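Data first, discussion second: the structure below is written as structure tokens.
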Amino acid sequence: MLYAGIGWTDAGFEIAVLDGNGHGDRPAVRFAADRSKEISSYLKGLGGPVTAVVDSTNGMLDGGFMAAGLDMYRADPAILPPRPGFGSVPAVELARAAWRDPASVVRLEIESGSLTGRLDEHHAAMAASDEALAAMTAAGRSLEHGDRTHGKIALTFDDGPHPPYTGRILDILESYGVCATFFCVGLNAGARGEDLRRMAEQGHGVGNHTWSHPYLPDLSPAELADQLNRTGDVIADAFGAAPAFFRPPYGSRTPAVLRSLTDLGARLALWDVDTEDWAMPGPDVIAGTVLRHTIPGSIVLMHDGGGDRSQTVTALPSVIEGLLARGLEFVRVEDLVTPNFATGER
């Protein structure tokens with residue numbers, strides 16, 4: 001058995017590999033953020049069963065890697081050394097945690113993704129945040145949907161930009177003459193500035209989706225600020241404007257996280273239609289979910305990164321045609337904001 005730790009930095013990913021005796025005879029290997037398929041090929045080519053380990057601040061790779069047949073695991077903060085100022089726990093420490101105690105790392109499942117084993121905790125934290133979220137909504141700092149009396153809806157795509165899916169989605173949107181909003185991960189945005197420039201040229205919106213797609217309750221306030229600020233800077237440089245909204249990965253929140261986001265001046269964009277396309281249920285299921293549940297004002301959650309998004313690409317024309325047939329207008333998330341937004345009225 002080989003143990004491969006996958007860490008992230010401000011520039012991309014680092015892979016460190018240990019053998020069954022805890023020894024590493026391979027130098028750490030680094031990959032740019034938009035080279036996830038190369039990382040997957042590298043891991044599959046190591047020559048034996050591989051336990052691939054990420055930490056809870058890295059939610060960008062597991063879906064695609066599991067779809068490619070890799071066994072993915074998550075090491076949680078309790079069994080890891082402290083993180084550096086900006087970045088995950090070093091890759092070698094992730095590998096060492098799994099080698100030292102294989103039972104201490106959580107095997108991820110494609111149906112629950114990065115939050116495997118933590119869904120009850122996640123749902124409880126969100127429920128405990130309802131009052132704080134309602135206060136943000138009333139103050140005009142959070143949006144789950146737009147005005148229900150107007151025929152406007154917003155398609156949104158998370159976790160990119162990532163080839164080839166972002167480019168294919170942009171092609172489809174352009175062919176129909178409709179716009180969307182892309183909630184970008186900073187690591188990907190920094191590596192794919194040309195995609196953000198194309199989004200700007202086509203009139204799409206771009207939002208902030210953190211630097212590395214972490215589970216926000218595991219971050220300190222300083223780490224959360226770094227995730228937002230660095231991503232905002234990269235987006236502004238490539239897109240030409242600062243992102244108007246922030247979307248928390250997984251929708252994750254606690255009262256403390258929401259206080260920190262308020263202190264940072266973030267405006268949250270959540271959603272009311274979740275396609276769950278990350279679980280790859282099939283293009284017909286994805287399109288059917290959108291067409292059954294979308295109503296005026298809806299914000300629809302889909303993905304252009306974080307894994308194999310070919311099903312989303314295939315479903316998109318049916319989604320667009322079905323919604324256009326209802327007379328709905330496609331707008332950016334920021335275009336759903338009305339004068340009543342600041343008072344929380346809907």
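Following the order of the structure tokens, first chain is A, next is B, and so on, with residues numbered from 1 inside each chain and ligands from 1 in the order they appear.
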Checklist entry - Contacts of Thr294 in chain A at 12 Å or less, counting only C-alpha atoms, minus same-chain residues fewer than 2 places along, as a ChimeraX atom specification? => result /A:145-146,148,151-155,271-275,287-292,296-301,319-320,322-324,326,328-330
Next on the checklist: Among range 111-215 of chain A, which ones does DSSP assign to strand (DSSP E) (computed from the backbone)? Answer as an MDAnalysis selection string.
Outcome noted: chainID A and resid 142:143 152:158 181:184 205:208
Checklist entry - Distance CA of Ala52 in chain A-CA of Ala222 in chain A, one decimal place? => result 27.9 Å
Item to check | Selection: 9 Å around Ser129 in chain A, only C-alpha atoms, excl. self and same-chain fewer than 2 positions, as an MDAnalysis selection string | outcome: chainID A and resid 124:127 131:134 253:256 258
Write a file of the selected residues as a compact mmCIF listing (two decimals), in the first residue's frame, keeping all heavy atoms.
# COMPACT_ATOMS: atom_id res chain seq x y z
N ALA A 124 -26.41 20.20 11.29
CA ALA A 124 -26.67 20.79 12.60
C ALA A 124 -26.11 22.21 12.68
O ALA A 124 -26.74 23.12 13.25
CB ALA A 124 -26.08 19.92 13.71
N ALA A 125 -24.93 22.41 12.10
CA ALA A 125 -24.32 23.74 12.12
C ALA A 125 -25.14 24.73 11.30
O ALA A 125 -25.32 25.89 11.70
CB ALA A 125 -22.89 23.66 11.58
N MET A 126 -25.67 24.28 10.18
CA MET A 126 -26.51 25.17 9.37
C MET A 126 -27.80 25.51 10.10
O MET A 126 -28.25 26.67 10.09
CB MET A 126 -26.79 24.55 8.00
CG MET A 126 -25.57 24.49 7.10
SD MET A 126 -26.00 24.32 5.35
CE MET A 126 -26.86 22.76 5.38
N ALA A 127 -28.41 24.52 10.76
CA ALA A 127 -29.64 24.79 11.51
C ALA A 127 -29.38 25.77 12.64
O ALA A 127 -30.21 26.66 12.91
CB ALA A 127 -30.21 23.48 12.04
N GLU A 131 -30.89 31.72 12.58
CA GLU A 131 -31.20 33.07 13.08
C GLU A 131 -30.20 34.09 12.56
O GLU A 131 -30.57 35.19 12.11
CB GLU A 131 -31.21 33.07 14.61
CG GLU A 131 -31.61 34.41 15.22
CD GLU A 131 -31.69 34.36 16.74
OE1 GLU A 131 -31.72 33.24 17.30
OE2 GLU A 131 -31.74 35.44 17.36
N ALA A 132 -28.92 33.73 12.58
CA ALA A 132 -27.89 34.65 12.08
C ALA A 132 -28.03 34.88 10.58
O ALA A 132 -27.85 36.00 10.09
CB ALA A 132 -26.50 34.10 12.41
N LEU A 133 -28.38 33.81 9.84
CA LEU A 133 -28.57 33.96 8.40
C LEU A 133 -29.78 34.84 8.10
O LEU A 133 -29.74 35.68 7.18
CB LEU A 133 -28.73 32.59 7.75
CG LEU A 133 -28.84 32.59 6.23
CD1 LEU A 133 -27.56 33.10 5.58
CD2 LEU A 133 -29.16 31.18 5.71
N ALA A 134 -30.85 34.68 8.86
CA ALA A 134 -32.03 35.52 8.67
C ALA A 134 -31.69 36.99 8.92
O ALA A 134 -32.18 37.88 8.21
CB ALA A 134 -33.15 35.06 9.59
N ARG A 253 -21.72 26.86 7.13
CA ARG A 253 -21.78 28.03 7.98
C ARG A 253 -22.02 27.61 9.42
O ARG A 253 -22.56 26.54 9.69
CB ARG A 253 -22.89 28.99 7.54
CG ARG A 253 -24.26 28.33 7.37
CD ARG A 253 -25.23 29.25 6.67
NE ARG A 253 -26.55 28.66 6.47
CZ ARG A 253 -26.94 28.04 5.37
NH1 ARG A 253 -26.09 27.93 4.35
NH2 ARG A 253 -28.16 27.55 5.27
N THR A 254 -21.59 28.46 10.32
CA THR A 254 -21.94 28.43 11.73
C THR A 254 -22.21 29.87 12.11
O THR A 254 -21.88 30.80 11.35
CB THR A 254 -20.78 27.89 12.59
OG1 THR A 254 -19.68 28.81 12.50
CG2 THR A 254 -20.34 26.50 12.16
N PRO A 255 -22.80 30.13 13.27
CA PRO A 255 -22.95 31.52 13.69
C PRO A 255 -21.63 32.28 13.70
O PRO A 255 -21.56 33.45 13.30
CB PRO A 255 -23.56 31.40 15.08
CG PRO A 255 -24.35 30.13 15.02
CD PRO A 255 -23.52 29.20 14.19
N ALA A 256 -20.55 31.61 14.13
CA ALA A 256 -19.24 32.28 14.16
C ALA A 256 -18.75 32.58 12.75
O ALA A 256 -18.19 33.66 12.49
CB ALA A 256 -18.23 31.40 14.90
N LEU A 258 -20.61 33.12 10.11
CA LEU A 258 -21.42 34.23 9.59
C LEU A 258 -21.00 35.56 10.21
O LEU A 258 -21.03 36.59 9.52
CB LEU A 258 -22.90 33.95 9.82
CG LEU A 258 -23.47 32.76 9.03
CD1 LEU A 258 -24.96 32.59 9.33
CD2 LEU A 258 -23.24 32.92 7.53
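CA of Pro249 in chain A is found 16.2 Å from CA of Glu111 in chain A.
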Item to check | Who sits within 7 Å of Gly7 in chain A, only C-alpha atoms, same chain under 5 positions skipped, as an MDAnalysis selection string | outcome: chainID A and resid 13:15 54 88:91
Export, as a tab-separated table (two decimals), in the first residue's frame, the selected residues with all heavy atoms.
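Just written: part36.tsv:
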chain	number	residue	atom	x	y	z
A	13	PHE	N	-0.87	22.39	-6.35
A	13	PHE	CA	-0.93	21.22	-5.49
A	13	PHE	C	0.44	20.55	-5.38
A	13	PHE	O	1.26	20.62	-6.29
A	13	PHE	CB	-1.94	20.21	-6.05
A	13	PHE	CG	-3.34	20.73	-6.09
A	13	PHE	CD1	-3.89	21.17	-7.28
A	13	PHE	CD2	-4.11	20.78	-4.94
A	13	PHE	CE1	-5.18	21.66	-7.33
A	13	PHE	CE2	-5.41	21.27	-4.98
A	13	PHE	CZ	-5.94	21.72	-6.17
A	14	GLU	N	0.65	19.89	-4.24
A	14	GLU	CA	1.88	19.14	-3.99
A	14	GLU	C	1.50	17.73	-3.56
A	14	GLU	O	0.59	17.55	-2.75
A	14	GLU	CB	2.70	19.81	-2.90
A	14	GLU	CG	3.99	19.09	-2.58
A	14	GLU	CD	4.78	19.78	-1.47
A	14	GLU	OE1	4.52	19.48	-0.30
A	14	GLU	OE2	5.64	20.62	-1.80
A	15	ILE	N	2.20	16.75	-4.12
A	15	ILE	CA	1.95	15.34	-3.81
A	15	ILE	C	3.19	14.75	-3.17
A	15	ILE	O	4.30	14.86	-3.71
A	15	ILE	CB	1.62	14.52	-5.08
A	15	ILE	CG1	0.67	15.27	-6.00
A	15	ILE	CG2	1.09	13.14	-4.70
A	15	ILE	CD1	-0.68	15.54	-5.42
A	54	VAL	N	-6.51	14.01	1.44
A	54	VAL	CA	-6.59	15.47	1.49
A	54	VAL	C	-7.02	15.87	2.89
A	54	VAL	O	-7.39	15.02	3.70
A	54	VAL	CB	-7.60	16.01	0.45
A	54	VAL	CG1	-7.15	15.70	-0.97
A	54	VAL	CG2	-9.00	15.45	0.70
A	88	SER	N	-2.72	24.13	2.89
A	88	SER	CA	-3.16	22.98	3.67
A	88	SER	C	-2.01	22.49	4.55
A	88	SER	O	-0.88	22.99	4.48
A	88	SER	CB	-3.59	21.86	2.74
A	88	SER	OG	-2.47	21.32	2.06
A	89	VAL	N	-2.30	21.49	5.36
A	89	VAL	CA	-1.23	20.76	6.02
A	89	VAL	C	-0.29	20.21	4.93
A	89	VAL	O	-0.75	19.79	3.86
A	89	VAL	CB	-1.83	19.61	6.85
A	89	VAL	CG1	-0.75	18.68	7.36
A	89	VAL	CG2	-2.66	20.17	7.99
A	90	PRO	N	1.04	20.24	5.14
A	90	PRO	CA	1.94	19.73	4.10
A	90	PRO	C	1.58	18.33	3.64
A	90	PRO	O	1.12	17.49	4.42
A	90	PRO	CB	3.31	19.76	4.80
A	90	PRO	CG	3.19	20.86	5.80
A	90	PRO	CD	1.77	20.79	6.29
A	91	ALA	N	1.79	18.08	2.37
A	91	ALA	CA	1.39	16.81	1.77
A	91	ALA	C	1.98	15.62	2.50
A	91	ALA	O	1.31	14.60	2.71
A	91	ALA	CB	1.81	16.79	0.30
Checklist entry - Looking at A:Pro77, A:Gly305, A:Gly20, A:Gly203, which one is nearest to Gly177 in chain A, with distances taken over only C-alpha atoms? => result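 Looking at the shortest contact to Gly177 in chain A, the residue is A:Gly203.
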Item to check | Exercise: Gly69 in chain A partners within 9 Å, only C-alpha atoms, chain neighbours under 4 positions left out, as a list in words | outcome: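 Listing them by chain and then by number gives Lys44, Gly64 and Phe65 of chain A.
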Might you pull out every residue within 12 Å of Asp277 in chain A, with only C-alpha atoms counted and same-chain residues fewer than 5 positions away left off, and present them as a tab-separated table (two decimals) with N, CA and C atoms, in the first residue's frame?
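And here's result-v4.tsv as it stands now:
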chain	number	residue	atom	x	y	z
A	63	GLY	N	-14.00	14.54	-5.94
A	63	GLY	CA	-15.04	14.03	-6.82
A	63	GLY	C	-14.50	13.46	-8.11
A	110	ILE	N	-18.62	9.11	-3.23
A	110	ILE	CA	-18.99	10.09	-4.24
A	110	ILE	C	-20.35	10.71	-3.95
A	111	GLU	N	-21.23	9.96	-3.24
A	111	GLU	CA	-22.57	10.48	-2.94
A	111	GLU	C	-22.54	11.60	-1.92
A	112	SER	N	-21.55	11.62	-1.03
A	112	SER	CA	-21.47	12.66	-0.01
A	112	SER	C	-20.20	13.49	-0.10
A	113	GLY	N	-19.30	13.11	-1.00
A	113	GLY	CA	-18.15	13.93	-1.31
A	113	GLY	C	-17.26	14.24	-0.13
A	157	PHE	N	-22.74	28.42	-11.64
A	157	PHE	CA	-21.81	27.31	-11.80
A	157	PHE	C	-20.66	27.49	-10.81
A	158	ASP	N	-20.41	26.47	-10.00
A	158	ASP	CA	-19.40	26.53	-8.94
A	158	ASP	C	-18.15	25.74	-9.28
A	282	GLY	N	-26.78	11.74	-13.86
A	282	GLY	CA	-27.17	11.59	-15.26
A	282	GLY	C	-27.74	12.90	-15.79
A	283	PRO	N	-27.50	13.22	-17.07
A	283	PRO	CA	-27.98	14.48	-17.64
A	283	PRO	C	-29.48	14.66	-17.55
A	284	ASP	N	-30.26	13.59	-17.76
A	284	ASP	CA	-31.71	13.71	-17.70
A	284	ASP	C	-32.18	14.07	-16.30
A	285	VAL	N	-31.54	13.49	-15.30
A	285	VAL	CA	-31.91	13.79	-13.91
A	285	VAL	C	-31.57	15.24	-13.59
A	286	ILE	N	-30.39	15.69	-14.02
A	286	ILE	CA	-29.98	17.08	-13.76
A	286	ILE	C	-30.97	18.04	-14.39
A	287	ALA	N	-31.27	17.84	-15.67
A	287	ALA	CA	-32.21	18.73	-16.36
A	287	ALA	C	-33.59	18.66	-15.73
A	288	GLY	N	-34.04	17.46	-15.39
A	288	GLY	CA	-35.36	17.31	-14.79
A	288	GLY	C	-35.47	18.03	-13.46
A	289	THR	N	-34.41	17.98	-12.65
A	289	THR	CA	-34.42	18.67	-11.37
A	289	THR	C	-34.61	20.16	-11.57
A	290	VAL	N	-33.86	20.72	-12.51
A	290	VAL	CA	-33.98	22.16	-12.76
A	290	VAL	C	-35.39	22.51	-13.24
A	300	VAL	N	-30.17	28.71	-9.43
A	300	VAL	CA	-29.94	27.29	-9.71
A	300	VAL	C	-28.46	26.97	-9.52
A	301	LEU	N	-28.17	25.95	-8.73
A	301	LEU	CA	-26.79	25.56	-8.44
A	301	LEU	C	-26.36	24.40	-9.33
A	302	MET	N	-25.31	24.65	-10.13
A	302	MET	CA	-24.65	23.61	-10.91
A	302	MET	C	-23.14	23.79	-10.76
A	303	HIS	N	-22.37	22.98	-11.47
A	303	HIS	CA	-20.91	23.01	-11.31
A	303	HIS	C	-20.20	22.94	-12.66
A	304	ASP	N	-19.13	23.70	-12.77
A	304	ASP	CA	-18.26	23.60	-13.95
A	304	ASP	C	-16.87	23.13	-13.58
A	305	GLY	N	-16.64	22.82	-12.30
A	305	GLY	CA	-15.35	22.33	-11.84
A	305	GLY	C	-15.55	21.35	-10.70
A	306	GLY	N	-14.42	20.88	-10.13
A	306	GLY	CA	-14.48	19.97	-9.00
A	306	GLY	C	-14.69	18.52	-9.37
A	307	GLY	N	-14.59	18.18	-10.64
A	307	GLY	CA	-14.78	16.80	-11.05
A	307	GLY	C	-15.21	16.71	-12.50
A	308	ASP	N	-15.70	15.56	-12.89
A	308	ASP	CA	-16.19	15.34	-14.25
A	308	ASP	C	-17.55	16.00	-14.39
A	309	ARG	N	-17.62	17.08	-15.17
A	309	ARG	CA	-18.87	17.83	-15.33
A	309	ARG	C	-19.48	17.64	-16.71
A	310	SER	N	-19.14	16.53	-17.37
A	310	SER	CA	-19.69	16.27	-18.70
A	310	SER	C	-21.20	16.12	-18.66
A	311	GLN	N	-21.74	15.57	-17.58
A	311	GLN	CA	-23.19	15.43	-17.49
A	311	GLN	C	-23.87	16.79	-17.40
A	312	THR	N	-23.27	17.71	-16.69
A	312	THR	CA	-23.81	19.07	-16.61
A	312	THR	C	-23.81	19.73	-17.97
A	313	VAL	N	-22.71	19.57	-18.69
A	313	VAL	CA	-22.61	20.13	-20.04
A	313	VAL	C	-23.70	19.55	-20.94
A	314	THR	N	-23.90	18.25	-20.87
A	314	THR	CA	-24.91	17.60	-21.71
A	314	THR	C	-26.32	18.06	-21.35
A	315	ALA	N	-26.57	18.28	-20.06
A	315	ALA	CA	-27.91	18.68	-19.61
A	315	ALA	C	-28.24	20.12	-19.92
A	316	LEU	N	-27.23	20.97	-20.08
A	316	LEU	CA	-27.46	22.41	-20.13
A	316	LEU	C	-28.38	22.86	-21.26
Checklist outcome for this item: Across A:Ala68, A:Leu94, A:Gly193, A:His213, the smallest distance to Tyr42 in chain A, with only C-alpha atoms counted, is shown by A:Ala68
Item to check | Distance query Gly24 in chain A at most 12 Å, only C-alpha atoms, self and fewer than 6 positions along chain excluded, as a PyMOL selection string | outcome: chain A and resi 2-5+15-18+91-93+95-96+99
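Taking CA of Leu46 in chain A and CA of Met1 in chain A as endpoints, the distance between them is 10.4 Å.
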Kindly provide the residues of range 189-212 of chain A that approach range 231-244 of chain A to within 7 Å, each paired with its closest atom pair and their distance in Å to one decimal, based on only C-alpha atoms, listed by chain and increasing number, as JSON lines.
{"residue": "A:Ala189", "atom": "CA", "partner": "A:Ile235", "partner_atom": "CA", "distance": 6.5}
{"residue": "A:Gly190", "atom": "CA", "partner": "A:Val234", "partner_atom": "CA", "distance": 5.9}
{"residue": "A:Gly193", "atom": "CA", "partner": "A:Ala238", "partner_atom": "CA", "distance": 5.3}
{"residue": "A:Leu196", "atom": "CA", "partner": "A:Phe239", "partner_atom": "CA", "distance": 5.2}
{"residue": "A:Arg197", "atom": "CA", "partner": "A:Phe239", "partner_atom": "CA", "distance": 5.2}
{"residue": "A:Ala200", "atom": "CA", "partner": "A:Phe239", "partner_atom": "CA", "distance": 5.9}
{"residue": "A:Val206", "atom": "CA", "partner": "A:Pro243", "partner_atom": "CA", "distance": 5.8}
{"residue": "A:Gly207", "atom": "CA", "partner": "A:Pro243", "partner_atom": "CA", "distance": 4.7}
{"residue": "A:Asn208", "atom": "CA", "partner": "A:Pro243", "partner_atom": "CA", "distance": 5.9}
{"residue": "A:Thr210", "atom": "CA", "partner": "A:Thr231", "partner_atom": "CA", "distance": 6.0}
{"residue": "A:Trp211", "atom": "CA", "partner": "A:Thr231", "partner_atom": "CA", "distance": 5.4}
Checklist entry - Where does DSSP see alpha helix (DSSP H) in range 116-212 of chain A, if you list the residues as a PyMOL selection string? => result chain A and resi 119-128+130-138+165-176+186-191+193-202
For N, CA and C atoms, I'd like the residues from the last selection saved as a compact mmCIF listing (two decimals), in the first residue's frame.
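Written file, result.txt:
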# COMPACT_ATOMS: atom_id res chain seq x y z
N LEU A 119 -21.82 14.87 7.57
CA LEU A 119 -23.06 15.50 7.12
C LEU A 119 -23.97 15.87 8.29
N ASP A 120 -24.05 15.03 9.32
CA ASP A 120 -24.89 15.38 10.47
C ASP A 120 -24.37 16.65 11.14
N GLU A 121 -23.06 16.73 11.29
CA GLU A 121 -22.43 17.93 11.87
C GLU A 121 -22.72 19.16 11.01
N HIS A 122 -22.60 18.97 9.70
CA HIS A 122 -22.83 20.06 8.76
C HIS A 122 -24.27 20.57 8.83
N HIS A 123 -25.23 19.66 8.82
CA HIS A 123 -26.63 20.06 8.87
C HIS A 123 -26.98 20.71 10.20
N ALA A 124 -26.41 20.20 11.29
CA ALA A 124 -26.67 20.79 12.60
C ALA A 124 -26.11 22.21 12.68
N ALA A 125 -24.93 22.41 12.10
CA ALA A 125 -24.32 23.74 12.12
C ALA A 125 -25.14 24.73 11.30
N MET A 126 -25.67 24.28 10.18
CA MET A 126 -26.51 25.17 9.37
C MET A 126 -27.80 25.51 10.10
N ALA A 127 -28.41 24.52 10.76
CA ALA A 127 -29.64 24.79 11.51
C ALA A 127 -29.38 25.77 12.64
N ALA A 128 -28.24 25.63 13.29
CA ALA A 128 -27.90 26.54 14.38
C ALA A 128 -27.64 27.96 13.89
N ASP A 130 -29.52 29.48 11.51
CA ASP A 130 -30.70 30.03 10.86
C ASP A 130 -30.99 31.47 11.31
N GLU A 131 -30.89 31.72 12.58
CA GLU A 131 -31.20 33.07 13.08
C GLU A 131 -30.20 34.09 12.56
N ALA A 132 -28.92 33.73 12.58
CA ALA A 132 -27.89 34.65 12.08
C ALA A 132 -28.03 34.88 10.58
N LEU A 133 -28.38 33.81 9.84
CA LEU A 133 -28.57 33.96 8.40
C LEU A 133 -29.78 34.84 8.10
N ALA A 134 -30.85 34.68 8.86
CA ALA A 134 -32.03 35.52 8.67
C ALA A 134 -31.69 36.99 8.92
N ALA A 135 -30.84 37.25 9.90
CA ALA A 135 -30.43 38.63 10.17
C ALA A 135 -29.62 39.19 9.01
N MET A 136 -28.75 38.37 8.42
CA MET A 136 -27.99 38.83 7.26
C MET A 136 -28.92 39.11 6.08
N THR A 137 -29.91 38.23 5.88
CA THR A 137 -30.86 38.44 4.80
C THR A 137 -31.62 39.74 5.00
N ALA A 138 -32.07 39.98 6.23
CA ALA A 138 -32.81 41.20 6.53
C ALA A 138 -31.96 42.44 6.32
N TYR A 165 -14.64 21.82 -19.14
CA TYR A 165 -16.07 22.03 -18.91
C TYR A 165 -16.48 23.49 -18.93
N THR A 166 -15.66 24.35 -18.34
CA THR A 166 -16.03 25.77 -18.33
C THR A 166 -16.15 26.30 -19.75
N GLY A 167 -15.19 25.97 -20.60
CA GLY A 167 -15.23 26.44 -21.98
C GLY A 167 -16.45 25.92 -22.72
N ARG A 168 -16.81 24.67 -22.49
CA ARG A 168 -17.99 24.11 -23.16
C ARG A 168 -19.27 24.78 -22.68
N ILE A 169 -19.34 25.05 -21.38
CA ILE A 169 -20.51 25.74 -20.84
C ILE A 169 -20.60 27.15 -21.40
N LEU A 170 -19.48 27.83 -21.50
CA LEU A 170 -19.49 29.18 -22.08
C LEU A 170 -19.93 29.13 -23.54
N ASP A 171 -19.51 28.10 -24.27
CA ASP A 171 -19.95 27.96 -25.66
C ASP A 171 -21.47 27.83 -25.74
N ILE A 172 -22.04 27.00 -24.87
CA ILE A 172 -23.49 26.77 -24.90
C ILE A 172 -24.23 28.04 -24.52
N LEU A 173 -23.80 28.70 -23.46
CA LEU A 173 -24.45 29.94 -23.05
C LEU A 173 -24.41 30.98 -24.17
N GLU A 174 -23.27 31.06 -24.84
CA GLU A 174 -23.13 32.02 -25.94
C GLU A 174 -24.06 31.67 -27.08
N SER A 175 -24.20 30.39 -27.38
CA SER A 175 -25.04 29.99 -28.51
C SER A 175 -26.50 30.32 -28.28
N TYR A 176 -26.94 30.32 -27.02
CA TYR A 176 -28.33 30.66 -26.70
C TYR A 176 -28.50 32.14 -26.34
N GLY A 186 -10.33 30.32 -6.12
CA GLY A 186 -9.17 31.15 -6.39
C GLY A 186 -8.03 30.43 -7.07
N LEU A 187 -7.73 29.19 -6.65
CA LEU A 187 -6.66 28.44 -7.29
C LEU A 187 -6.93 28.27 -8.78
N ASN A 188 -8.17 27.93 -9.13
CA ASN A 188 -8.50 27.75 -10.53
C ASN A 188 -8.53 29.07 -11.28
N ALA A 189 -9.08 30.10 -10.64
CA ALA A 189 -9.15 31.41 -11.30
C ALA A 189 -7.77 31.94 -11.62
N GLY A 190 -6.80 31.70 -10.71
CA GLY A 190 -5.45 32.16 -10.96
C GLY A 190 -4.78 31.46 -12.12
N ALA A 191 -5.18 30.20 -12.35
CA ALA A 191 -4.58 29.41 -13.44
C ALA A 191 -5.31 29.57 -14.76
N GLY A 193 -7.07 32.53 -16.11
CA GLY A 193 -7.51 33.89 -16.29
C GLY A 193 -8.22 34.14 -17.61
N GLU A 194 -7.85 33.37 -18.63
CA GLU A 194 -8.49 33.56 -19.93
C GLU A 194 -9.98 33.22 -19.87
N ASP A 195 -10.35 32.26 -19.02
CA ASP A 195 -11.77 31.92 -18.89
C ASP A 195 -12.54 33.07 -18.23
N LEU A 196 -11.94 33.69 -17.22
CA LEU A 196 -12.60 34.82 -16.57
C LEU A 196 -12.74 36.00 -17.52
N ARG A 197 -11.73 36.22 -18.33
CA ARG A 197 -11.84 37.31 -19.30
C ARG A 197 -12.95 37.03 -20.31
N ARG A 198 -13.10 35.77 -20.70
CA ARG A 198 -14.19 35.43 -21.61
C ARG A 198 -15.55 35.62 -20.92
N MET A 199 -15.64 35.26 -19.65
CA MET A 199 -16.88 35.49 -18.91
C MET A 199 -17.26 36.97 -18.93
N ALA A 200 -16.27 37.81 -18.73
CA ALA A 200 -16.53 39.25 -18.76
C ALA A 200 -17.00 39.70 -20.13
N GLU A 201 -16.35 39.20 -21.17
CA GLU A 201 -16.70 39.59 -22.54
C GLU A 201 -18.12 39.16 -22.90
N GLN A 202 -18.56 38.03 -22.36
CA GLN A 202 -19.89 37.51 -22.68
C GLN A 202 -20.98 38.05 -21.76
